[in-house]
Amino acid sequence: MIVRPGNGLFGAMRRLALAPAAVALSLACAAPAFADAGFQKWVSSFRGVAAQNGISGDTFDRAFRGVTAPDPEVLEKARYQPEFVAPVWDYFDNRINERSIATGRQMLRQWKPWLDRIEAAYGVDRHILLAIWSMESNYGEILKNDKVMRNVVRSLATLAYADQRRAKFGRQQLLAALKILQRGDIDESHLTGSWAGAMGHTQFIPTSFIAYGVDADGNGRRDIWNSVPDALATAANLLRKNGWQTGQTWGYEVTLPAGRKFPGGSMSLGKWESIGVVRARGKSFPSPGMNAELKVLDGREGPAFLMTKNFFVLKRYNNADKYALAVGLLADEIAGYGGLVRDWNRPFTRLSFSETQELQKRLSAHGYYDGEIDGKIGNGSRAAIKAFQGRMGLTQDGHPSKEVLSRLRGN
């Protein structure tokens, strides 16, 4: 239900706090119809906007068939502000683990013929593509989750109609989604995505799909929802068109000399080496003339990296240092290059993926946790850990530590 200042329902809703229960119930029941009418009026007016942008009446009507009200869960997610700001190690632990690495290697074997073709056509390393696939949709598993996947037209119409901060984005992406339907890449019943309209195995928003979508399997449709080759080729096309350098790495883990401050900005790898910044495994830089920028995401006590051009190309997919670094590190793990020499500066001993699942199962068995047993530590898991720690007289830090699991096991 959408309630705004200025409409006739706003004052009535304020008075509900003091109204008898029966009156509250009658108004509450009337509210959705009122809100739906406003939404339907907006849809009717947007039909003209769509026509001006080349969308046929038939396409528009098919897209909005059954879309009679905004999606309240989309608005809830759009307005949600997480109370917990995840430390850097939390982000990487949830994305680079035994499960994501092993599945990536399995997909490497399973999709080798297509990865051969895509890598040859676009010059983007296959391990990078697999890491993006993992980061974006857990190798497609998220597409099977009805709690996450939503009607893209309804989601974007909801944002355009009811979310002032994202209204422009919603309108722009909705028009692009309608163009995707009109072209025939997917039908309206399968045009699904996240609450913000990110679609398919590699989670493209509609405008990016239009710009970079590829029909790799040659069936006449760019189908990133059902065709893994199309999805991976689309990701590769985005990276190539944004300047991916074939045969080059995203960056290097490095060791910093103690007690020295470093300049900001970019300079050659050879220059970095001359002032004491060397590769963590002791090898020399293969292209000392290549420029790189120093990134330290976890302070001097954590790992440090020299980022080359491809790191910044990865940020065109998602403009966050943590995202681009996670893709690079996971790609290296899938390729068998090994993990970090210097681990994140965790204030506890990390659990393995299976141990994290066990932690969630035991918290659930004790009545502290009711979320998915997915081996990922989110707000629900942290709250459950804190509750258990409080009962045990431990510091309530919410960390998924060996100590907490040991206590849960009764050790």
# chains A, B, ... in the order shown; residues from 1 in each chain; ligands from 1
call {"tool": "closest_atom_pairs", "arguments": {"of": "stretch 246-292 of chain A", "to": "stretch 115-123 of chain A", "cutoff": "12 Å", "atoms": "only C-alpha atoms", "output": "CSV"}}
result
residue,atom,partner,partner_atom,distance
A:Thr246,CA,A:Gly123,CA,5.0
A:Gly247,CA,A:Gly123,CA,7.6
A:Gln248,CA,A:Gly123,CA,10.0
call {"tool": "closest_atom_pairs", "arguments": {"of": "stretch 273-381 of chain A", "to": "stretch 82-106 of chain A", "cutoff": "10 Å", "atoms": "only C-alpha atoms", "output": "JSON lines"}}
result
{"residue": "A:Leu297", "atom": "CA", "partner": "A:Val88", "partner_atom": "CA", "distance": 7.1}
{"residue": "A:Asp298", "atom": "CA", "partner": "A:Val88", "partner_atom": "CA", "distance": 6.5}
{"residue": "A:Gly302", "atom": "CA", "partner": "A:Trp89", "partner_atom": "CA", "distance": 9.5}
{"residue": "A:Lys322", "atom": "CA", "partner": "A:Val88", "partner_atom": "CA", "distance": 7.6}
{"residue": "A:Tyr323", "atom": "CA", "partner": "A:Tyr91", "partner_atom": "CA", "distance": 8.8}
{"residue": "A:Leu325", "atom": "CA", "partner": "A:Phe92", "partner_atom": "CA", "distance": 9.0}
{"residue": "A:Ala326", "atom": "CA", "partner": "A:Phe92", "partner_atom": "CA", "distance": 6.4}
{"residue": "A:Val327", "atom": "CA", "partner": "A:Ile96", "partner_atom": "CA", "distance": 8.9}
{"residue": "A:Leu329", "atom": "CA", "partner": "A:Ile96", "partner_atom": "CA", "distance": 7.8}
{"residue": "A:Leu330", "atom": "CA", "partner": "A:Ile96", "partner_atom": "CA", "distance": 5.8}
{"residue": "A:Ala331", "atom": "CA", "partner": "A:Ile101", "partner_atom": "CA", "distance": 8.5}
{"residue": "A:Asp332", "atom": "CA", "partner": "A:Ile101", "partner_atom": "CA", "distance": 9.5}
{"residue": "A:Glu333", "atom": "CA", "partner": "A:Ile101", "partner_atom": "CA", "distance": 6.4}
{"residue": "A:Ile334", "atom": "CA", "partner": "A:Ile101", "partner_atom": "CA", "distance": 5.4}
{"residue": "A:Ala335", "atom": "CA", "partner": "A:Arg105", "partner_atom": "CA", "distance": 7.6}
{"residue": "A:Gly336", "atom": "CA", "partner": "A:Arg105", "partner_atom": "CA", "distance": 9.0}
{"residue": "A:Gly339", "atom": "CA", "partner": "A:Ile96", "partner_atom": "CA", "distance": 9.6}
{"residue": "A:Asp343", "atom": "CA", "partner": "A:Trp89", "partner_atom": "CA", "distance": 8.8}
{"residue": "A:Trp344", "atom": "CA", "partner": "A:Trp89", "partner_atom": "CA", "distance": 5.7}
{"residue": "A:Asn345", "atom": "CA", "partner": "A:Trp89", "partner_atom": "CA", "distance": 7.3}
{"residue": "A:Arg346", "atom": "CA", "partner": "A:Trp89", "partner_atom": "CA", "distance": 6.6}
{"residue": "A:Pro347", "atom": "CA", "partner": "A:Trp89", "partner_atom": "CA", "distance": 9.8}
{"residue": "A:Arg350", "atom": "CA", "partner": "A:Asp93", "partner_atom": "CA", "distance": 8.5}
{"residue": "A:Leu351", "atom": "CA", "partner": "A:Asp93", "partner_atom": "CA", "distance": 9.3}
{"residue": "A:Ser352", "atom": "CA", "partner": "A:Glu98", "partner_atom": "CA", "distance": 7.4}
{"residue": "A:Phe353", "atom": "CA", "partner": "A:Glu98", "partner_atom": "CA", "distance": 6.1}
{"residue": "A:Ser354", "atom": "CA", "partner": "A:Glu98", "partner_atom": "CA", "distance": 8.4}
{"residue": "A:Asp374", "atom": "CA", "partner": "A:Asn94", "partner_atom": "CA", "distance": 9.7}
{"residue": "A:Gly375", "atom": "CA", "partner": "A:Asn94", "partner_atom": "CA", "distance": 7.6}
{"residue": "A:Lys376", "atom": "CA", "partner": "A:Asn94", "partner_atom": "CA", "distance": 5.2}
{"residue": "A:Ile377", "atom": "CA", "partner": "A:Asn94", "partner_atom": "CA", "distance": 6.7}
{"residue": "A:Gly378", "atom": "CA", "partner": "A:Asn94", "partner_atom": "CA", "distance": 8.7}
{"residue": "A:Asn379", "atom": "CA", "partner": "A:Phe84", "partner_atom": "CA", "distance": 7.2}
call {"tool": "write_last_selection", "arguments": {"atoms": "N, CA and C atoms", "output": "short mmCIF file (atom, residue, chain, number, x, y, z; two decimals), in the first residue's frame"}}
result
data_model
loop_
_atom_site.label_atom_id
_atom_site.label_comp_id
_atom_site.auth_asym_id
_atom_site.auth_seq_id
_atom_site.Cartn_x
_atom_site.Cartn_y
_atom_site.Cartn_z
N LEU A 297 42.63 -2.28 1.41
CA LEU A 297 41.24 -2.22 1.83
C LEU A 297 41.05 -2.52 3.31
N ASP A 298 42.08 -3.07 3.95
CA ASP A 298 41.93 -3.51 5.33
C ASP A 298 43.06 -2.97 6.21
N GLY A 302 46.35 -5.71 6.90
CA GLY A 302 45.73 -6.65 5.98
C GLY A 302 46.49 -6.74 4.68
N LYS A 322 35.66 -3.44 -3.52
CA LYS A 322 35.50 -4.77 -2.95
C LYS A 322 34.97 -5.75 -3.99
N TYR A 323 34.01 -5.30 -4.81
CA TYR A 323 33.45 -6.19 -5.83
C TYR A 323 34.53 -6.61 -6.83
N LEU A 325 37.75 -6.56 -6.60
CA LEU A 325 38.79 -7.38 -6.00
C LEU A 325 38.29 -8.80 -5.74
N ALA A 326 37.05 -8.93 -5.29
CA ALA A 326 36.49 -10.27 -5.06
C ALA A 326 36.44 -11.07 -6.35
N VAL A 327 36.06 -10.43 -7.45
CA VAL A 327 36.06 -11.12 -8.75
C VAL A 327 37.47 -11.59 -9.09
N LEU A 329 40.13 -12.11 -7.08
CA LEU A 329 40.63 -13.14 -6.17
C LEU A 329 39.94 -14.48 -6.40
N LEU A 330 38.62 -14.46 -6.62
CA LEU A 330 37.91 -15.71 -6.87
C LEU A 330 38.36 -16.32 -8.20
N ALA A 331 38.56 -15.49 -9.21
CA ALA A 331 39.05 -15.98 -10.50
C ALA A 331 40.40 -16.68 -10.33
N ASP A 332 41.29 -16.08 -9.56
CA ASP A 332 42.60 -16.70 -9.33
C ASP A 332 42.47 -18.03 -8.61
N GLU A 333 41.55 -18.11 -7.66
CA GLU A 333 41.34 -19.37 -6.93
C GLU A 333 40.79 -20.44 -7.86
N ILE A 334 39.83 -20.09 -8.70
CA ILE A 334 39.27 -21.06 -9.65
C ILE A 334 40.35 -21.56 -10.60
N ALA A 335 41.25 -20.65 -10.98
CA ALA A 335 42.34 -21.02 -11.90
C ALA A 335 43.44 -21.82 -11.23
N GLY A 336 43.41 -21.89 -9.89
CA GLY A 336 44.40 -22.68 -9.18
C GLY A 336 45.66 -21.92 -8.81
N GLY A 339 45.37 -18.72 -2.89
CA GLY A 339 44.72 -17.60 -2.23
C GLY A 339 45.71 -16.55 -1.77
N ASP A 343 46.34 -12.82 4.95
CA ASP A 343 44.89 -12.88 5.05
C ASP A 343 44.34 -11.57 5.60
N TRP A 344 43.01 -11.46 5.51
CA TRP A 344 42.33 -10.30 6.08
C TRP A 344 42.55 -10.25 7.58
N ASN A 345 42.50 -9.05 8.11
CA ASN A 345 42.79 -8.83 9.52
C ASN A 345 41.55 -9.13 10.37
N ARG A 346 41.22 -10.44 10.43
CA ARG A 346 40.03 -10.88 11.18
C ARG A 346 40.31 -10.92 12.67
N PRO A 347 39.35 -10.50 13.50
CA PRO A 347 39.55 -10.58 14.96
C PRO A 347 39.16 -11.94 15.53
N ARG A 350 38.68 -17.95 11.34
CA ARG A 350 37.63 -18.17 10.36
C ARG A 350 37.17 -19.62 10.33
N LEU A 351 35.89 -19.82 10.10
CA LEU A 351 35.32 -21.14 9.88
C LEU A 351 35.39 -21.50 8.41
N SER A 352 35.44 -22.79 8.11
CA SER A 352 35.31 -23.23 6.73
C SER A 352 33.85 -23.06 6.31
N PHE A 353 33.57 -23.24 5.01
CA PHE A 353 32.20 -23.12 4.52
C PHE A 353 31.29 -24.13 5.20
N SER A 354 31.73 -25.38 5.29
CA SER A 354 30.90 -26.42 5.92
C SER A 354 30.71 -26.15 7.41
N ASP A 374 22.89 -21.49 4.41
CA ASP A 374 23.57 -21.24 3.14
C ASP A 374 25.07 -20.98 3.27
N GLY A 375 25.58 -21.05 4.50
CA GLY A 375 27.01 -20.83 4.69
C GLY A 375 27.44 -19.39 4.53
N LYS A 376 26.47 -18.48 4.47
CA LYS A 376 26.77 -17.05 4.34
C LYS A 376 26.29 -16.32 5.59
N ILE A 377 27.15 -15.49 6.14
CA ILE A 377 26.82 -14.78 7.36
C ILE A 377 26.25 -13.41 7.04
N GLY A 378 24.95 -13.28 7.24
CA GLY A 378 24.26 -12.01 7.04
C GLY A 378 23.74 -11.48 8.36
N ASN A 379 22.84 -10.52 8.28
CA ASN A 379 22.32 -9.89 9.49
C ASN A 379 21.62 -10.89 10.40
#
call {"tool": "closest_residue", "arguments": {"among": "A:Gly371, A:Ser194, A:Ser189, A:Leu174", "to": "A:Asn145", "atoms": "only C-alpha atoms"}}
result
A:Ser194
call {"tool": "atom_distance", "arguments": {"atom1": "atom CA of A:Ala280", "atom2": "atom CA of A:Lys315"}}
result
23.5 Å
call {"tool": "residues_around", "arguments": {"residues": "A:Asp163", "least_positions_apart": "4", "cutoff": "8 Å", "atoms": "only C-alpha atoms", "output": "NGL selection string"}}
result
:A and (75 or 78 or 158-159 or 167)
call {"tool": "select_by_dssp", "arguments": {"residues": "stretch 134-322 of chain A", "states": "alpha helix (DSSP H)", "output": "MDAnalysis selection string"}}
result
chainID A and resid 134:137 152:162 167:183 206:212 228:241 269:274 309:314 321:322
call {"tool": "residues_around", "arguments": {"residues": "A:Asp58", "least_positions_apart": "4", "cutoff": "12 Å", "atoms": "only C-alpha atoms", "output": "PDB file with C-alpha atoms, in the first residue's frame"}}
result
ATOM      1  CA  ARG A  47       1.550   3.916 -22.054  1.00  0.00           C
ATOM      2  CA  ALA A  50       6.209   4.063 -24.086  1.00  0.00           C
ATOM      3  CA  ALA A  51       4.554   4.742 -27.462  1.00  0.00           C
ATOM      4  CA  GLY A  54       8.738   3.087 -30.029  1.00  0.00           C
ATOM      5  CA  ARG A  62       1.358  -7.932 -22.738  1.00  0.00           C
ATOM      6  CA  ALA A  63       3.977  -6.580 -20.348  1.00  0.00           C
ATOM      7  CA  PHE A  64       1.444  -5.107 -17.930  1.00  0.00           C
ATOM      8  CA  ARG A  65      -1.100  -7.912 -18.089  1.00  0.00           C
ATOM      9  CA  LEU A 178       9.762  -3.141 -22.792  1.00  0.00           C
ATOM     10  CA  LEU A 181      10.201  -7.800 -24.794  1.00  0.00           C
ATOM     11  CA  GLN A 182       9.395  -6.178 -28.114  1.00  0.00           C
ATOM     12  CA  GLU A 188       6.797 -11.454 -20.500  1.00  0.00           C
TER      13      GLU A 188
END
call {"tool": "atom_distance", "arguments": {"atom1": "atom CA of A:Met290", "atom2": "atom CA of A:Phe312"}}
result
13.8 Å
call {"tool": "residues_around", "arguments": {"residues": "A:Ser381", "least_positions_apart": "4", "cutoff": "9 Å", "atoms": "only C-alpha atoms", "output": "MDAnalysis selection string"}}
result
chainID A and resid 360 363 368:371 376:377 385:386 398 400
call {"tool": "residues_around", "arguments": {"residues": "A:Pro288", "least_positions_apart": "3", "cutoff": "6 Å", "atoms": "only C-alpha atoms", "output": "NGL selection string"}}
result
:A and (269-270 or 285)
call {"tool": "residues_around", "arguments": {"residues": "A:Glu293", "least_positions_apart": "5", "cutoff": "10 Å", "atoms": "only C-alpha atoms", "output": "JSON, numbers by chain"}}
result
{"A": [251, 263, 264, 265, 266, 267, 268, 269, 272, 305, 306, 307, 308, 309, 311, 312]}
call {"tool": "write_last_selection", "arguments": {"atoms": "C-alpha atoms", "output": "mmCIF file, in the first residue's frame"}}
result
data_model
loop_
_atom_site.group_PDB
_atom_site.id
_atom_site.type_symbol
_atom_site.label_atom_id
_atom_site.label_comp_id
_atom_site.auth_asym_id
_atom_site.auth_seq_id
_atom_site.Cartn_x
_atom_site.Cartn_y
_atom_site.Cartn_z
ATOM 1 C CA GLY A 251 46.461 -6.893 -10.277
ATOM 2 C CA PRO A 263 52.060 8.263 -2.847
ATOM 3 C CA GLY A 264 48.549 8.115 -4.224
ATOM 4 C CA GLY A 265 47.780 7.695 -7.887
ATOM 5 C CA SER A 266 49.199 5.417 -10.535
ATOM 6 C CA MET A 267 52.770 4.656 -11.560
ATOM 7 C CA SER A 268 54.611 1.810 -13.247
ATOM 8 C CA LEU A 269 55.029 -1.546 -11.554
ATOM 9 C CA TRP A 272 56.563 0.580 -7.264
ATOM 10 C CA PHE A 305 47.363 -4.908 -3.860
ATOM 11 C CA LEU A 306 48.659 -3.146 -6.933
ATOM 12 C CA MET A 307 45.699 -2.787 -9.315
ATOM 13 C CA THR A 308 46.206 -2.690 -13.061
ATOM 14 C CA LYS A 309 43.881 -1.472 -15.823
ATOM 15 C CA PHE A 311 40.738 -4.014 -12.143
ATOM 16 C CA PHE A 312 39.186 -0.698 -13.118
#
call {"tool": "select_by_dssp", "arguments": {"residues": "stretch 64-305 of chain A", "states": "strand (DSSP E or B)", "output": "ChimeraX atom specification"}}
result
/A:150-151,192-193,199,204,251-255,266-268,278-279,291-295,304-305
call {"tool": "atom_distance", "arguments": {"atom1": "atom CA of A:Gly367", "atom2": "atom CA of A:Leu405"}}
result
15.0 Å
call {"tool": "closest_residue", "arguments": {"among": "A:Phe388, A:Ala198, A:Leu130, A:Asp185", "to": "A:Asp215", "atoms": "only C-alpha atoms"}}
result
A:Asp185
call {"tool": "closest_residue", "arguments": {"among": "A:Arg221, A:Lys41, A:Gly48, A:Asp125", "to": "A:Gln245", "atoms": "only C-alpha atoms"}}
result
A:Asp125
call {"tool": "closest_residue", "arguments": {"among": "A:Ala365, A:Ile275, A:Val43, A:Leu108", "to": "A:Leu156", "atoms": "only C-alpha atoms"}}
result
A:Val43
call {"tool": "closest_residue", "arguments": {"among": "A:Gly57, A:Pro229, A:Gly197, A:Gly289", "to": "A:Ala160", "atoms": "only C-alpha atoms"}}
result
A:Gly197
call {"tool": "decode", "arguments": {"residues": "stretch 336-382 of chain A", "atoms": "C-alpha atoms", "output": "compact mmCIF listing (two decimals), in the first residue's frame"}}
result
# COMPACT_ATOMS: atom_id res chain seq x y z
CA GLY A 336 44.40 -22.68 -9.18
CA TYR A 337 46.79 -19.80 -8.49
CA GLY A 338 46.18 -19.97 -4.76
CA GLY A 339 44.72 -17.60 -2.23
CA LEU A 340 46.08 -14.66 -0.31
CA VAL A 341 49.53 -14.76 1.21
CA ARG A 342 48.44 -12.30 3.87
CA ASP A 343 44.89 -12.88 5.05
CA TRP A 344 42.33 -10.30 6.08
CA ASN A 345 42.79 -8.83 9.52
CA ARG A 346 40.03 -10.88 11.18
CA PRO A 347 39.55 -10.58 14.96
CA PHE A 348 38.74 -14.30 15.13
CA THR A 349 39.61 -17.65 13.55
CA ARG A 350 37.63 -18.17 10.36
CA LEU A 351 35.32 -21.14 9.88
CA SER A 352 35.31 -23.23 6.73
CA PHE A 353 32.20 -23.12 4.52
CA SER A 354 30.90 -26.42 5.92
CA GLU A 355 31.60 -25.25 9.47
CA THR A 356 29.66 -22.06 8.81
CA GLN A 357 26.71 -24.15 7.65
CA GLU A 358 27.05 -26.25 10.79
CA LEU A 359 27.06 -23.07 12.87
CA GLN A 360 23.78 -21.98 11.26
CA LYS A 361 22.23 -25.43 11.76
CA ARG A 362 23.15 -25.49 15.44
CA LEU A 363 21.91 -21.93 15.98
CA SER A 364 18.66 -22.97 14.32
CA ALA A 365 18.38 -26.08 16.48
CA HIS A 366 18.78 -23.91 19.58
CA GLY A 367 16.05 -21.54 18.39
CA TYR A 368 18.29 -18.57 17.60
CA TYR A 369 18.20 -18.64 13.80
CA ASP A 370 15.41 -19.18 11.27
CA GLY A 371 17.14 -18.25 8.01
CA GLU A 372 18.61 -20.32 5.21
CA ILE A 373 21.46 -22.74 5.90
CA ASP A 374 23.57 -21.24 3.14
CA GLY A 375 27.01 -20.83 4.69
CA LYS A 376 26.77 -17.05 4.34
CA ILE A 377 26.82 -14.78 7.36
CA GLY A 378 24.26 -12.01 7.04
CA ASN A 379 22.32 -9.89 9.49
CA GLY A 380 20.15 -12.81 10.61
CA SER A 381 23.13 -15.04 11.36
CA ARG A 382 24.95 -12.24 13.19
